[in-house]
Amino acid sequence: MTGLFEKNPRLKGIFYIVLSAFCFAWMNTFVRLSGDLPSIQKSFFRNLVAAFVAFVLLRKDHVPLRWQKGNLKFLLVRSICGTLGILGNFYAVDHLLLADASMLQKMSPFFALIFSYFFLKEKCTPFQVSAIIIAFLGSLFIIKPTFANMELAPSLIGFIGGMMAGAAYTTVRYLGLRGEQGKFIVFFFSMFSCLTVVPYLIFHYVPMELWQFGALLMAGAAATGGQFAITAAYCYAPSKEISVYDYSIVIFSAIIGFFLFGQVPDGYSLIGYLIIGAMAILMYLRNRRDL
């Protein structure tokens, strides 16, 4: 099994995208625990920790702080789209029901699939498309969005955030194919995101309690793990083969919610878990058959 994992980039991609979902579930938990702070301020600390860790790893491995020839424009696209994706997601979380914001965030795998098809020319089989669509429908049972009650502006911002995240993941895949190291992609993106929000923080910084600062540092640490993992995932495998596993975040979130907040999923949520789990297993079996 270990040999198969080492030799097969597709299985590596699956492993890393599930790991990223686990980390991002904890990131959302700590962001929520940090209390009533501006979304931009939360995003700054999320990216500051990631930038620091990436910098340390780059120096430890004696990797020069420069991009591969011809990759700068793609790094900028990844960073701009990723920053807009984070800000859109955090804004939606702060202004909508958490379920509705999560629904919009889960549009990113679909956009990654669409962008990969048009820009990377990665073909999709009917089975892969069907699995992702069914997994998406399964998430509806869990999230149960109340679109009729959503305010238009934050809803559009959250939707655009999901689209931008999908574009960012597609660019990560392309950069990986062009030989850019994952650690440098994370460092460049995180530093770019921090610097772009500094002007806002200069004029609108909100003082924090020590516990809020600690929660944001933990959110940043979890986000760092998730960022490294998802960068590795899309470097190892195309989105059409692994994006369905991104939905495992709802399962991790349900487990965390039960133990931390005493939240018990209802019958609809359980149906959603079964649907998503079944699609993940079927996708794995189909990929293994094609080895």
# chains A, B, ... in the order shown; residues from 1 in each chain; ligands from 1
>>> select_by_dssp(residues="range 39-255 of chain A", states="alpha helix (DSSP H)", output="number ranges by chain")
A: 39-60, 72-95, 98-105, 108-119, 126-143, 152-177, 182-204, 210-236, 239-242, 248-255
>>> closest_atom_pairs(of="range 27-123 of chain A", to="range 240-245 of chain A", cutoff="9 Å", atoms="only C-alpha atoms", output="tab-separated table")
residue	atom	partner	partner_atom	distance
A:Ser108	CA	A:Ser243	CA	9.0
A:Pro109	CA	A:Ser243	CA	5.4
A:Phe110	CA	A:Ser243	CA	8.1
A:Ala112	CA	A:Ser243	CA	8.0
A:Leu113	CA	A:Lys240	CA	5.8
A:Ser116	CA	A:Lys240	CA	8.1
A:Tyr117	CA	A:Lys240	CA	8.8
A:Glu122	CA	A:Lys240	CA	7.9
A:Lys123	CA	A:Lys240	CA	8.1
>>> closest_atom_pairs(of="range 51-119 of chain A", to="range 157-179 of chain A", cutoff="9 Å", atoms="only C-alpha atoms", output="tab-separated table")
residue	atom	partner	partner_atom	distance
A:Gln68	CA	A:Gly179	CA	7.4
A:Asn71	CA	A:Leu175	CA	7.1
A:Phe74	CA	A:Thr171	CA	6.6
A:Leu75	CA	A:Leu175	CA	7.6
A:Val77	CA	A:Ala168	CA	7.3
A:Arg78	CA	A:Ala168	CA	4.6
A:Ser79	CA	A:Ala168	CA	7.2
A:Ile80	CA	A:Ala168	CA	8.1
A:Cys81	CA	A:Met164	CA	4.8
A:Gly82	CA	A:Ala168	CA	5.3
A:Thr83	CA	A:Met164	CA	8.3
A:Leu84	CA	A:Gly161	CA	6.0
A:Gly85	CA	A:Gly161	CA	3.9
A:Ile86	CA	A:Gly161	CA	6.7
A:Leu87	CA	A:Gly161	CA	7.1
A:Gly88	CA	A:Gly161	CA	4.3
A:Asn89	CA	A:Gly158	CA	5.4
A:Phe90	CA	A:Gly158	CA	8.2
A:Tyr91	CA	A:Gly158	CA	7.1
A:Ala92	CA	A:Gly158	CA	5.1
A:Val93	CA	A:Gly158	CA	8.4
A:Ala101	CA	A:Gly158	CA	6.5
A:Ser102	CA	A:Gly158	CA	8.9
A:Met103	CA	A:Phe159	CA	8.9
A:Leu104	CA	A:Phe159	CA	5.2
A:Gln105	CA	A:Gly162	CA	4.8
A:Lys106	CA	A:Gly162	CA	6.7
A:Met107	CA	A:Gly162	CA	5.2
A:Ser108	CA	A:Gly166	CA	4.3
A:Pro109	CA	A:Gly166	CA	5.9
A:Phe110	CA	A:Gly166	CA	7.1
A:Phe111	CA	A:Gly166	CA	4.7
A:Ala112	CA	A:Gly166	CA	4.1
A:Leu113	CA	A:Gly166	CA	7.8
A:Ile114	CA	A:Gly166	CA	8.5
A:Phe115	CA	A:Ala167	CA	6.4
A:Ser116	CA	A:Thr170	CA	5.9
A:Phe119	CA	A:Thr170	CA	8.5
>>> closest_residue(among="A:Gln227, A:Phe55, A:Cys23, A:Arg286", to="Ser253 in chain A", atoms="only C-alpha atoms")
A:Cys23
>>> residues_around(residues="Val250 in chain A", least_positions_apart="4", cutoff="10 Å", atoms="only C-alpha atoms", output="PDB file with N, CA, C and O atoms, in the first residue's frame")
ATOM      1  N   ALA A  21      -8.899  19.578   4.005  1.00  0.00           N
ATOM      2  CA  ALA A  21     -10.268  19.753   4.500  1.00  0.00           C
ATOM      3  C   ALA A  21     -10.299  19.692   6.027  1.00  0.00           C
ATOM      4  O   ALA A  21     -11.010  20.470   6.682  1.00  0.00           O
ATOM      5  N   PHE A  22      -9.532  18.766   6.596  1.00  0.00           N
ATOM      6  CA  PHE A  22      -9.452  18.647   8.050  1.00  0.00           C
ATOM      7  C   PHE A  22      -8.899  19.937   8.664  1.00  0.00           C
ATOM      8  O   PHE A  22      -9.436  20.454   9.649  1.00  0.00           O
ATOM      9  N   ALA A  25     -11.364  22.875   8.326  1.00  0.00           N
ATOM     10  CA  ALA A  25     -12.475  22.762   9.274  1.00  0.00           C
ATOM     11  C   ALA A  25     -12.087  23.373  10.613  1.00  0.00           C
ATOM     12  O   ALA A  25     -12.875  24.086  11.256  1.00  0.00           O
ATOM     13  N   SER A 102     -21.179  28.551   3.989  1.00  0.00           N
ATOM     14  CA  SER A 102     -20.495  27.309   3.655  1.00  0.00           C
ATOM     15  C   SER A 102     -20.943  26.784   2.294  1.00  0.00           C
ATOM     16  O   SER A 102     -20.146  26.253   1.524  1.00  0.00           O
ATOM     17  N   LYS A 106     -18.457  26.092  -0.958  1.00  0.00           N
ATOM     18  CA  LYS A 106     -18.329  24.787  -1.604  1.00  0.00           C
ATOM     19  C   LYS A 106     -18.571  24.841  -3.107  1.00  0.00           C
ATOM     20  O   LYS A 106     -18.589  23.805  -3.779  1.00  0.00           O
ATOM     21  N   SER A 139     -24.214  17.673  -0.205  1.00  0.00           N
ATOM     22  CA  SER A 139     -23.910  18.776   0.705  1.00  0.00           C
ATOM     23  C   SER A 139     -25.141  19.622   0.987  1.00  0.00           C
ATOM     24  O   SER A 139     -25.261  20.239   2.046  1.00  0.00           O
ATOM     25  N   ILE A 142     -26.872  18.511   4.022  1.00  0.00           N
ATOM     26  CA  ILE A 142     -26.184  18.881   5.256  1.00  0.00           C
ATOM     27  C   ILE A 142     -26.357  20.359   5.568  1.00  0.00           C
ATOM     28  O   ILE A 142     -26.674  20.743   6.698  1.00  0.00           O
ATOM     29  N   ILE A 143     -26.149  21.177   4.559  1.00  0.00           N
ATOM     30  CA  ILE A 143     -26.137  22.632   4.786  1.00  0.00           C
ATOM     31  C   ILE A 143     -27.546  23.198   4.855  1.00  0.00           C
ATOM     32  O   ILE A 143     -27.813  24.154   5.585  1.00  0.00           O
ATOM     33  N   ASP A 246     -12.931  17.181  -1.418  1.00  0.00           N
ATOM     34  CA  ASP A 246     -12.958  18.437  -0.675  1.00  0.00           C
ATOM     35  C   ASP A 246     -14.203  18.529   0.203  1.00  0.00           C
ATOM     36  O   ASP A 246     -14.224  19.253   1.202  1.00  0.00           O
ATOM     37  N   ALA A 254     -18.758  18.549  11.235  1.00  0.00           N
ATOM     38  CA  ALA A 254     -19.818  17.961  12.057  1.00  0.00           C
ATOM     39  C   ALA A 254     -19.237  17.302  13.304  1.00  0.00           C
ATOM     40  O   ALA A 254     -19.792  17.428  14.400  1.00  0.00           O
ATOM     41  N   ILE A 255     -18.122  16.605  13.149  1.00  0.00           N
ATOM     42  CA  ILE A 255     -17.491  15.942  14.298  1.00  0.00           C
ATOM     43  C   ILE A 255     -16.983  16.986  15.297  1.00  0.00           C
ATOM     44  O   ILE A 255     -17.200  16.870  16.517  1.00  0.00           O
ATOM     45  N   ILE A 256     -16.311  18.015  14.795  1.00  0.00           N
ATOM     46  CA  ILE A 256     -15.801  19.071  15.671  1.00  0.00           C
ATOM     47  C   ILE A 256     -16.954  19.777  16.367  1.00  0.00           C
ATOM     48  O   ILE A 256     -16.906  20.061  17.571  1.00  0.00           O
ATOM     49  N   SER A 269     -28.858  15.711   7.464  1.00  0.00           N
ATOM     50  CA  SER A 269     -27.404  15.770   7.469  1.00  0.00           C
ATOM     51  C   SER A 269     -26.790  14.382   7.346  1.00  0.00           C
ATOM     52  O   SER A 269     -25.803  14.180   6.626  1.00  0.00           O
ATOM     53  N   GLY A 272     -26.797  13.334   3.893  1.00  0.00           N
ATOM     54  CA  GLY A 272     -25.727  14.010   3.165  1.00  0.00           C
ATOM     55  C   GLY A 272     -24.379  13.361   3.388  1.00  0.00           C
ATOM     56  O   GLY A 272     -23.594  13.189   2.448  1.00  0.00           O
ATOM     57  N   TYR A 273     -24.096  12.979   4.645  1.00  0.00           N
ATOM     58  CA  TYR A 273     -22.825  12.315   4.938  1.00  0.00           C
ATOM     59  C   TYR A 273     -22.697  11.014   4.139  1.00  0.00           C
ATOM     60  O   TYR A 273     -21.628  10.702   3.607  1.00  0.00           O
ATOM     61  N   ILE A 276     -22.048  11.803   0.347  1.00  0.00           N
ATOM     62  CA  ILE A 276     -20.686  12.272   0.094  1.00  0.00           C
ATOM     63  C   ILE A 276     -19.681  11.137   0.290  1.00  0.00           C
ATOM     64  O   ILE A 276     -18.760  10.951  -0.512  1.00  0.00           O
TER      65      ILE A 276
END
>>> atom_distance(atom1="CA of Val49 in chain A", atom2="CA of Gly182 in chain A")
16.0 Å
>>> residues_around(residues="Ala233 in chain A", least_positions_apart="6", cutoff="6 Å", atoms="only C-alpha atoms", output="list in words")
Gly13, Tyr16 and Ile17 of chain A
>>> closest_residue(among="A:Phe228, A:Leu19, A:Pro64, A:Leu140", to="Leu270 in chain A", atoms="only C-alpha atoms")
A:Leu140
>>> closest_residue(among="A:Phe189, A:Ile281, A:Leu33, A:Phe15", to="Ala51 in chain A", atoms="only C-alpha atoms")
A:Phe189
>>> decode(residues="range 201-217 of chain A", atoms="N, CA and C atoms", output="short mmCIF file (atom, residue, chain, number, x, y, z; two decimals), in the first residue's frame")
data_model
loop_
_atom_site.label_atom_id
_atom_site.label_comp_id
_atom_site.auth_asym_id
_atom_site.auth_seq_id
_atom_site.Cartn_x
_atom_site.Cartn_y
_atom_site.Cartn_z
N LEU A 201 -5.93 47.91 7.65
CA LEU A 201 -5.67 47.73 9.06
C LEU A 201 -5.10 48.99 9.71
N ILE A 202 -4.35 49.77 8.96
CA ILE A 202 -3.77 51.01 9.51
C ILE A 202 -4.87 51.95 10.00
N PHE A 203 -5.97 51.99 9.28
CA PHE A 203 -7.05 52.93 9.61
C PHE A 203 -8.23 52.28 10.34
N HIS A 204 -8.35 50.96 10.28
CA HIS A 204 -9.55 50.33 10.83
C HIS A 204 -9.24 49.15 11.76
N TYR A 205 -8.03 49.10 12.31
CA TYR A 205 -7.67 48.00 13.19
C TYR A 205 -8.53 48.02 14.45
N VAL A 206 -9.04 46.86 14.86
CA VAL A 206 -9.86 46.73 16.06
C VAL A 206 -9.04 46.04 17.15
N PRO A 207 -8.85 46.68 18.30
CA PRO A 207 -8.08 46.06 19.40
C PRO A 207 -8.69 44.71 19.80
N MET A 208 -7.82 43.77 20.14
CA MET A 208 -8.28 42.41 20.45
C MET A 208 -7.91 42.02 21.88
N GLU A 209 -8.74 41.17 22.45
CA GLU A 209 -8.40 40.53 23.71
C GLU A 209 -7.35 39.45 23.45
N LEU A 210 -6.67 39.02 24.50
CA LEU A 210 -5.63 38.01 24.34
C LEU A 210 -6.20 36.71 23.79
N TRP A 211 -7.39 36.33 24.23
CA TRP A 211 -7.99 35.09 23.77
C TRP A 211 -8.36 35.17 22.29
N GLN A 212 -8.75 36.37 21.82
CA GLN A 212 -9.05 36.53 20.40
C GLN A 212 -7.78 36.41 19.56
N PHE A 213 -6.71 37.01 20.07
CA PHE A 213 -5.43 36.92 19.37
C PHE A 213 -4.97 35.46 19.28
N GLY A 214 -5.14 34.73 20.40
CA GLY A 214 -4.77 33.32 20.40
C GLY A 214 -5.61 32.51 19.43
N ALA A 215 -6.92 32.80 19.38
CA ALA A 215 -7.80 32.07 18.46
C ALA A 215 -7.40 32.32 17.01
N LEU A 216 -7.03 33.57 16.69
CA LEU A 216 -6.63 33.88 15.32
C LEU A 216 -5.29 33.24 14.97
N LEU A 217 -4.39 33.16 15.95
CA LEU A 217 -3.12 32.46 15.70
C LEU A 217 -3.37 30.98 15.42
#
